[in-house]
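Structure file query36.txt with compact mmCIF, C-alpha atoms:
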```txt
# COMPACT_ATOMS: atom_id res chain seq x y z
CA MET A 28 -43.14 -17.91 115.90
CA ILE A 29 -44.90 -19.69 113.03
CA LEU A 30 -43.95 -23.28 112.20
CA PHE A 31 -44.33 -24.79 108.73
CA PHE A 32 -44.29 -28.59 108.67
CA GLY A 33 -44.09 -30.64 105.50
CA ARG A 34 -42.01 -30.98 102.35
CA ARG A 35 -40.29 -27.87 101.01
CA ASP A 36 -40.91 -29.16 97.48
CA ASP A 37 -44.68 -29.37 98.12
CA PRO A 38 -46.17 -26.40 96.15
CA PRO A 39 -48.87 -25.42 98.71
CA LEU A 40 -46.34 -25.37 101.55
CA ALA A 41 -43.77 -23.55 99.42
CA ARG A 42 -46.29 -20.83 98.53
CA ALA A 43 -47.29 -20.36 102.16
CA ILE A 44 -43.65 -20.07 103.25
CA ARG A 45 -42.98 -17.51 100.52
CA ALA A 46 -46.05 -15.51 101.60
CA ALA A 47 -44.81 -15.52 105.20
CA GLN A 48 -41.40 -14.32 104.03
CA GLU A 49 -42.95 -11.52 101.99
CA ALA A 50 -45.05 -10.47 104.99
CA GLY A 51 -41.98 -10.41 107.22
CA LEU A 52 -43.37 -13.02 109.61
CA TRP A 53 -41.02 -14.81 112.00
CA HIS A 54 -41.16 -18.45 110.99
CA LEU A 55 -39.32 -21.76 110.97
CA VAL A 56 -39.62 -24.62 108.47
CA ILE A 57 -39.60 -28.24 109.60
CA ASP A 58 -38.75 -30.09 106.40
CA GLN A 59 -39.98 -33.70 106.33
CA ALA A 60 -37.03 -34.60 104.12
CA ARG A 61 -34.63 -33.64 106.96
CA LEU A 62 -36.44 -34.89 110.08
CA ALA A 63 -33.59 -37.23 111.01
CA ARG A 64 -31.41 -34.16 111.56
CA TYR A 65 -33.76 -32.48 114.03
CA ASP A 66 -34.21 -32.98 117.76
CA LEU A 67 -37.34 -32.77 119.81
CA VAL A 68 -37.20 -33.10 123.59
CA ALA A 69 -40.64 -33.58 125.09
CA GLY A 70 -41.47 -31.93 128.37
CA THR A 71 -44.22 -32.64 130.87
CA SER A 72 -46.79 -30.61 128.93
CA ALA A 73 -47.43 -29.26 125.44
CA LEU A 74 -45.75 -26.01 126.48
CA ASP A 75 -42.34 -27.04 127.72
CA GLY A 76 -40.89 -29.19 124.94
CA LEU A 77 -37.79 -28.05 123.08
CA LEU A 78 -37.37 -28.23 119.31
CA THR A 79 -33.99 -28.01 117.59
CA VAL A 80 -34.09 -27.33 113.84
CA GLU A 81 -31.10 -26.32 111.70
CA GLY A 82 -29.19 -25.38 114.85
CA MET A 83 -32.01 -23.22 116.23
CA ARG A 84 -33.43 -24.16 119.65
CA LEU A 85 -37.11 -23.28 120.02
CA PRO A 86 -39.25 -23.79 123.14
CA LEU A 87 -42.60 -25.12 121.94
CA GLY A 88 -44.32 -22.60 124.18
CA ASP A 89 -43.05 -19.88 121.84
CA VAL A 90 -44.98 -21.32 118.89
CA ALA A 91 -48.02 -19.19 118.07
CA ALA A 92 -49.21 -20.95 114.92
CA VAL A 93 -48.49 -23.99 112.72
CA TYR A 94 -49.29 -24.81 109.11
CA ALA A 95 -48.91 -28.56 108.72
CA ARG A 96 -49.01 -30.56 105.50
CA PRO A 97 -47.62 -33.96 106.57
CA LEU A 98 -46.98 -36.03 103.44
CA ASP A 99 -45.50 -39.50 103.04
CA ALA A 100 -42.05 -39.79 104.53
CA VAL A 101 -39.04 -39.92 102.23
CA SER A 102 -38.06 -43.56 101.61
CA GLY A 103 -34.57 -44.98 101.34
CA GLY A 104 -31.46 -44.04 103.26
CA ASP A 105 -30.12 -45.33 106.54
CA PRO A 106 -32.63 -47.44 108.54
CA ALA A 107 -31.68 -45.69 111.78
CA ALA A 108 -32.25 -42.29 110.18
CA ARG A 109 -35.65 -43.42 108.89
CA ALA A 110 -36.62 -44.67 112.35
CA ARG A 111 -35.52 -41.39 113.91
CA ALA A 112 -37.50 -39.39 111.35
CA ALA A 113 -40.58 -41.55 111.88
CA ALA A 114 -40.38 -41.08 115.65
CA PHE A 115 -40.03 -37.31 115.24
CA GLN A 116 -43.03 -37.13 112.92
CA GLU A 117 -45.19 -39.31 115.17
CA TRP A 118 -44.51 -37.11 118.18
CA PHE A 119 -44.86 -33.85 116.29
CA VAL A 120 -48.16 -34.79 114.64
CA GLY A 121 -49.46 -35.89 118.03
CA TRP A 122 -48.38 -32.55 119.49
CA LEU A 123 -50.47 -30.74 116.90
CA ASP A 124 -53.63 -32.03 118.60
CA THR A 125 -52.57 -30.83 122.06
CA THR A 126 -50.76 -27.54 121.59
CA PRO A 127 -52.64 -24.33 122.45
CA ALA A 128 -51.11 -22.74 119.33
CA VAL A 129 -53.25 -22.08 116.26
CA VAL A 130 -52.94 -25.17 114.04
CA VAL A 131 -53.90 -25.33 110.37
CA SER A 132 -55.26 -27.92 110.70
CA ARG A 133 -55.33 -30.30 113.67
CA PRO A 134 -55.15 -34.00 112.72
CA CYS A 135 -58.23 -34.76 114.82
CA ALA A 136 -60.25 -32.23 112.78
CA MET A 137 -59.06 -33.76 109.51
CA GLU A 138 -60.61 -37.11 110.47
CA SER A 139 -64.04 -36.01 109.20
CA ASN A 140 -62.71 -36.60 105.69
CA SER A 141 -61.71 -40.20 106.43
CA SER A 142 -65.25 -41.33 105.65
CA LYS A 143 -67.03 -39.53 102.82
CA PRO A 144 -70.53 -40.74 103.85
CA TYR A 145 -69.95 -39.49 107.40
CA GLN A 146 -68.68 -36.14 106.18
CA ALA A 147 -71.68 -35.82 103.83
CA GLN A 148 -73.96 -35.98 106.87
CA LEU A 149 -72.03 -33.13 108.48
CA ILE A 150 -72.25 -31.13 105.25
CA ALA A 151 -76.03 -31.62 105.10
CA ARG A 152 -76.31 -30.62 108.75
CA ALA A 153 -74.57 -27.35 107.85
CA GLY A 154 -77.36 -26.55 105.39
CA PHE A 155 -75.88 -27.59 102.04
CA THR A 156 -77.63 -29.90 99.61
CA VAL A 157 -75.73 -33.15 99.03
CA PRO A 158 -76.27 -35.54 96.10
CA GLU A 159 -78.44 -38.62 96.47
CA THR A 160 -75.95 -41.27 97.59
CA LEU A 161 -75.69 -45.04 97.74
CA VAL A 162 -72.89 -46.91 99.52
CA SER A 163 -72.98 -50.53 98.45
CA ASP A 164 -71.14 -53.61 97.24
CA ASP A 165 -74.36 -55.19 95.96
CA PRO A 166 -74.58 -55.18 92.12
CA ASP A 167 -78.39 -55.33 92.17
CA GLU A 168 -78.62 -52.27 94.45
CA ILE A 169 -76.18 -50.37 92.26
CA LEU A 170 -78.06 -51.15 89.05
CA ALA A 171 -81.36 -50.19 90.69
CA PHE A 172 -79.80 -46.89 91.83
CA ARG A 173 -78.68 -46.18 88.28
CA ALA A 174 -82.11 -47.05 86.91
CA GLU A 175 -83.66 -44.59 89.40
CA HIS A 176 -81.32 -41.68 88.68
CA GLY A 177 -80.29 -42.35 85.08
CA ARG A 178 -76.83 -40.89 85.35
CA ILE A 179 -74.55 -41.68 88.31
CA VAL A 180 -70.90 -41.34 89.31
CA TYR A 181 -68.74 -43.30 91.74
CA LYS A 182 -65.65 -42.88 93.92
CA SER A 183 -63.95 -44.41 96.94
CA LEU A 184 -65.29 -44.06 100.47
CA SER A 185 -62.05 -43.06 102.19
CA GLY A 186 -60.26 -39.75 102.46
CA ILE A 187 -57.57 -40.96 100.06
CA ARG A 188 -57.84 -39.07 96.79
CA SER A 189 -59.64 -41.01 94.09
CA ILE A 190 -60.86 -40.20 90.59
CA VAL A 191 -64.58 -39.55 90.21
CA ARG A 192 -65.88 -41.57 87.28
CA GLU A 193 -69.22 -41.87 85.56
CA PHE A 194 -70.91 -45.28 85.70
CA THR A 195 -71.40 -46.32 82.08
CA ASP A 196 -73.01 -49.19 80.20
CA ALA A 197 -69.59 -50.83 80.07
CA ASP A 198 -69.48 -50.77 83.88
CA GLU A 199 -72.65 -52.82 84.07
CA GLY A 200 -70.76 -55.79 82.63
CA ARG A 201 -68.19 -55.69 85.44
CA VAL A 202 -70.29 -54.43 88.33
CA HIS A 203 -69.89 -57.84 90.02
CA LEU A 204 -66.29 -56.85 90.81
CA VAL A 205 -67.58 -54.46 93.47
CA ARG A 206 -68.58 -57.32 95.78
CA GLY A 207 -66.65 -57.04 99.02
CA LEU A 208 -65.53 -53.51 98.11
CA PRO A 209 -68.14 -50.98 99.30
CA THR A 210 -68.11 -48.00 96.97
CA GLN A 211 -69.89 -44.65 96.99
CA PHE A 212 -72.29 -43.95 94.14
CA GLN A 213 -74.04 -40.62 93.66
CA ALA A 214 -76.65 -39.18 91.38
CA TYR A 215 -74.98 -37.00 88.76
CA VAL A 216 -75.49 -33.28 89.38
CA ALA A 217 -75.43 -31.00 86.36
CA GLY A 218 -73.90 -27.54 86.65
CA GLN A 219 -70.66 -25.61 87.11
CA ASP A 220 -67.96 -26.71 89.53
CA VAL A 221 -66.85 -24.16 92.10
CA ARG A 222 -63.93 -24.67 94.46
CA VAL A 223 -64.03 -22.54 97.60
CA HIS A 224 -61.01 -22.12 99.85
CA VAL A 225 -61.91 -20.95 103.33
CA VAL A 226 -59.18 -19.22 105.34
CA GLY A 227 -60.53 -18.29 108.74
CA ALA A 228 -63.57 -16.17 107.90
CA GLN A 229 -62.59 -15.50 104.29
CA ALA A 230 -63.85 -17.45 101.29
CA PHE A 231 -62.02 -17.47 97.95
CA ALA A 232 -63.98 -19.04 95.09
CA ALA A 233 -62.82 -20.33 91.71
CA ALA A 234 -65.27 -21.25 88.97
CA VAL A 235 -64.20 -24.33 87.02
CA ASP A 236 -65.45 -25.06 83.52
CA SER A 237 -64.36 -28.45 82.25
CA ASP A 238 -65.38 -31.16 79.82
CA ALA A 239 -64.22 -33.84 82.27
CA ILE A 240 -66.27 -35.60 84.93
CA ASP A 241 -63.38 -35.01 87.34
CA TYR A 242 -61.59 -31.87 86.19
CA ARG A 243 -58.56 -32.66 88.38
CA TYR A 244 -57.75 -35.52 86.01
CA ALA A 245 -58.86 -34.05 82.70
CA ASP A 246 -57.14 -35.47 79.63
CA PRO A 247 -55.22 -32.50 78.16
CA GLY A 248 -55.58 -33.92 74.66
CA ARG A 249 -59.35 -34.35 74.77
CA GLU A 250 -60.76 -32.33 77.67
CA SER A 251 -60.33 -28.65 78.47
CA THR A 252 -60.39 -27.05 81.93
CA ARG A 253 -60.66 -23.33 82.62
CA LEU A 254 -60.53 -21.62 86.02
CA ALA A 255 -61.54 -18.07 86.92
CA PRO A 256 -62.16 -16.12 90.14
CA LEU A 257 -65.80 -16.04 91.21
CA ASP A 258 -67.72 -13.71 93.52
CA LEU A 259 -69.81 -15.96 95.73
CA PRO A 260 -73.22 -14.83 96.94
CA THR A 261 -72.79 -13.56 100.50
CA GLU A 262 -75.02 -16.25 101.98
CA THR A 263 -73.11 -19.03 100.20
CA ALA A 264 -69.76 -17.61 101.34
CA ARG A 265 -71.03 -17.44 104.92
CA ARG A 266 -72.28 -21.01 104.73
CA CYS A 267 -68.86 -22.18 103.53
CA VAL A 268 -67.14 -20.36 106.41
CA ASP A 269 -69.61 -21.84 108.90
CA LEU A 270 -69.16 -25.33 107.45
CA ALA A 271 -65.38 -25.20 107.78
CA ALA A 272 -65.69 -23.85 111.32
CA SER A 273 -68.14 -26.59 112.29
CA LEU A 274 -65.52 -29.16 111.21
CA GLY A 275 -62.79 -27.43 113.20
CA LEU A 276 -60.92 -26.46 110.03
CA PRO A 277 -59.44 -22.95 109.84
CA PHE A 278 -58.37 -23.78 106.28
CA ALA A 279 -60.40 -25.98 103.95
CA GLY A 280 -61.15 -26.62 100.28
CA ILE A 281 -64.88 -27.02 99.64
CA ASP A 282 -66.14 -28.61 96.43
CA LEU A 283 -69.43 -27.14 95.24
CA ARG A 284 -71.51 -27.30 92.10
CA ARG A 285 -73.94 -24.57 91.08
CA THR A 286 -76.86 -26.17 89.26
CA PRO A 287 -78.63 -24.53 86.30
CA GLU A 288 -81.45 -23.71 88.75
CA GLY A 289 -79.02 -21.81 91.00
CA GLU A 290 -78.84 -24.37 93.81
CA TRP A 291 -75.51 -24.92 95.56
CA VAL A 292 -74.65 -28.61 96.03
CA CYS A 293 -71.68 -29.61 98.18
CA PHE A 294 -69.70 -32.77 97.45
CA GLU A 295 -66.80 -32.74 99.89
CA VAL A 296 -64.60 -30.72 102.25
CA ASN A 297 -60.85 -31.20 101.84
CA PRO A 298 -59.06 -30.58 105.17
CA MET A 299 -55.61 -30.25 103.57
CA PRO A 300 -56.30 -28.60 100.21
CA ALA A 301 -53.71 -28.37 97.44
CA TYR A 302 -54.72 -24.76 96.88
CA SER A 303 -51.66 -23.89 94.78
CA TYR A 304 -53.34 -25.23 91.63
CA TYR A 305 -56.26 -22.82 92.02
CA GLU A 306 -54.13 -19.87 93.10
CA SER A 307 -51.75 -20.24 90.16
CA HIS A 308 -54.63 -20.31 87.65
CA THR A 309 -56.77 -17.53 89.13
CA GLY A 310 -54.51 -15.19 91.08
CA LEU A 311 -56.66 -15.58 94.18
CA PRO A 312 -54.53 -14.46 97.19
CA ILE A 313 -55.00 -17.68 99.16
CA SER A 314 -51.41 -18.07 100.36
CA ALA A 315 -51.26 -14.43 101.47
CA ALA A 316 -54.49 -14.86 103.41
CA LEU A 317 -53.15 -18.05 104.99
CA ALA A 318 -49.92 -16.34 106.04
CA ALA A 319 -51.89 -13.43 107.49
CA TYR A 320 -54.11 -15.84 109.43
CA LEU A 321 -51.07 -17.62 110.84
CA GLY A 322 -49.60 -14.22 111.71
CA GLY A 323 -52.62 -13.34 113.85
CA GLN A 324 -54.79 -11.37 111.45
CA ARG A 325 -58.35 -12.65 111.84
CA THR A 326 -61.11 -11.29 109.62
CA VAL A 327 -64.76 -11.07 110.60
CA ALA A 328 -67.15 -13.51 108.97
CA PRO A 329 -69.22 -12.02 106.11
CA ALA A 330 -72.65 -10.79 107.13
CA VAL A 331 -75.70 -12.34 105.52
```
Kindly return the structure encoded in the file as structure tokens.
Amino acid sequence: MILFFGRRDDPPLARAIRAAQEAGLWHLVIDQARLARYDLVAGTSALDGLLTVEGMRLPLGDVAAVYARPLDAVSGGDPAARARAAAFQEWFVGWLDTTPAVVVSRPCAMESNSSKPYQAQLIARAGFTVPETLVSDDPDEILAFRAEHGRIVYKSLSGIRSIVREFTDADEGRVHLVRGLPTQFQAYVAGQDVRVHVVGAQAFAAAVDSDAIDYRYADPGRESTRLAPLDLPTETARRCVDLAASLGLPFAGIDLRRTPEGEWVCFEVNPMPAYSYYESHTGLPISAALAAYLGGQRTVAPAV
């Protein structure tokens, strides 16, 4: 049995469920919008709990794999129902770290993305180049960093999604506002963005050409963004697979940039990637590969 946990209206989850249906895989959806209607009776171990969803009773020991995309709980409604849903989610998410089932991905593995500077060290350890980085709330340090590198960008330190922006002359006049708010600054890296989705030992790459600093938030009226499938060099694909594995992530979105000199720079590893955007624009079979992985099909890592 495969479990899908999250919101049915979440495009990545919806695509994965549809792929499982098309592959004829036995699965059950735990919809976050309906948690108050479900029951979960915990046993003495991760194997002997009992889950009741939509009238179906499932021993947790029968679960072979889980794809979890826990989003914010639905607000509003009866307070008792909200409390029941919150209790269900807390227990279930905790179970994801203890079950022997295959989990995409375990909450404990996702923690590497909670601190971007920490994750950058893990990325460098895996053999990727990372941009020159400064974490600071000191205006003088920030201005000196800009003077050294000429062109820099900045973003938040946490795993919460933030917009990458370029530090401009206008920012110099308000840089004092950063005091007490440590922020990550990086030397700007020229080149082409490449998003790699790793599923087990497979790597699916999309080349991104955009006029925006952060193509995810490009202004449709002023900035264009184009995506296309890309054949990664075998060594780069293998390094992406190894990086995801080293972080304990069977599924990950890896943000790369290929410089004009052909160097591959890695910015970040997303442990819960919204892959649907890339799949819909490129046709890359990410959801099918994910469903196959959950169904027990494991590919061999590419040889270098």
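Using all atoms listed in the file, the smallest distance between any of A:Gly154, A:Pro312, A:Pro86, A:Pro97 and A:Ala233 comes from A:Pro312.
The spacing separating atom CA of A:Gln219 from atom CA of A:Gln146 amounts to 21.9 Å.
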Using all atoms listed in the file, list the residues that have an atom at most 12 Å from (-45.4, -25.8, 120.7), coordinates as in the file, as a ChimeraX atom specification. /A:28-30,67-70,72-78,85-93,118-130
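Here atom CA of A:Leu170 stands at a distance of 27.8 Å from atom CA of A:Val296.
Note that atom CA of A:Arg192 and atom CA of A:Gly207 are 19.4 Å apart.
Between A:Ile169 and the candidates A:Ser189, A:Ala153, A:Phe212, A:Ile57, the tightest atom-to-atom separation, counting only C-alpha atoms, involves A:Phe212.
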Could you pull the residues within 6 Å of A:Thr309, counting all atoms listed in the file, minus those fewer than 2 positions along the same chain, as number ranges by chain? A: 255-256, 306-307, 311
Would you compute an axis-aligned box for stretch 52-65 of chain A, covering every atom listed for it in the file with 8 Å of margin on each side, and report centre and edge lengths in Å to one decimal as AutoDock Vina command-line options?
```
--center_x -37.4 --center_y -25.1 --center_z 109.1 --size_x 28.0 --size_y 40.2 --size_z 25.9
```
List as a ChimeraX atom specification the protein and nucleic acid residues near stretch 269-280 of chain A, meaning an atom at most 6 Å away when all atoms listed in the file are counted, but skip any in the same chain fewer than 2 places from it.
/A:132,136,153,223-227,266-267,296-298,300
- Contacts of A:Phe172 within 10 Å, all atoms listed in the file, excl. fewer than 5 positions in-chain, as a list in words: Glu159, Thr160, Leu161, Pro166, Asp167, Gly177, Arg178, Ile179, Phe212, Gln213 and Ala214 of chain A
How would the residues just picked look written out with C-alpha atoms as a JSON list (two decimals), keeping the file's coordinate frame?
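File produced: selection_31.json:
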```json
[["chain", "number", "residue", "atom", "x", "y", "z"],
["A", 159, "GLU", "CA", -78.44, -38.62, 96.47],
["A", 160, "THR", "CA", -75.95, -41.27, 97.59],
["A", 161, "LEU", "CA", -75.69, -45.04, 97.74],
["A", 166, "PRO", "CA", -74.58, -55.18, 92.12],
["A", 167, "ASP", "CA", -78.39, -55.33, 92.17],
["A", 177, "GLY", "CA", -80.29, -42.35, 85.08],
["A", 178, "ARG", "CA", -76.83, -40.89, 85.35],
["A", 179, "ILE", "CA", -74.55, -41.68, 88.31],
["A", 212, "PHE", "CA", -72.29, -43.95, 94.14],
["A", 213, "GLN", "CA", -74.04, -40.62, 93.66],
["A", 214, "ALA", "CA", -76.65, -39.18, 91.38]]
```
Of A:Ala232, A:Ala245, A:Ile281, A:Val162, the one sitting nearest A:Pro144 when using only C-alpha atoms is A:Val162
Residue with the minimum atom-to-atom distance to A:Gln229, picked from A:Thr263, A:Ser141, A:Thr195, A:Gln148 with all atoms listed in the file counted, is A:Thr263
Exercise for review: Considering all atoms listed in the file, return as a list in words whatever protein or nucleic-acid residues lie within 12 Å of A:Glu290, sequence-local ones (same chain, fewer than 2 positions apart) excluded.
Suggested key: Gly154, Phe155, Thr156, Val157, Pro158, Val216, Ala217, Gly218, Gln219, Asp220, Pro260, Thr263, Leu283, Arg284, Arg285, Thr286, Pro287, Glu288, Val292 and Cys293 of chain A
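Closest to A:Ala43 among A:Leu184, A:Ala108, A:Val131, A:Val80 is A:Val131, based on all atoms listed in the file.
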Exercise for the section: With a distance cut-off of 6 Å and all atoms listed in the file, select the neighbouring residues of A:Asp282, excluding the residue or stretch itself and same-chain residues fewer than 2 positions from it, and output the selection as a PyMOL selection string. Expected result: chain A and resi 222+293-295
Grab the residues selected above and save them as a CSV table (one decimal), in the coordinates of the input with C-alpha atoms.
```csv
chain,number,residue,atom,x,y,z
A,222,ARG,CA,-63.9,-24.7,94.5
A,293,CYS,CA,-71.7,-29.6,98.2
A,294,PHE,CA,-69.7,-32.8,97.4
A,295,GLU,CA,-66.8,-32.7,99.9
```
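Of the listed residues (A:Ser314, A:Phe194, A:Glu81, A:Arg35), A:Phe194 comes nearest to A:Val180; the distances count only C-alpha atoms.
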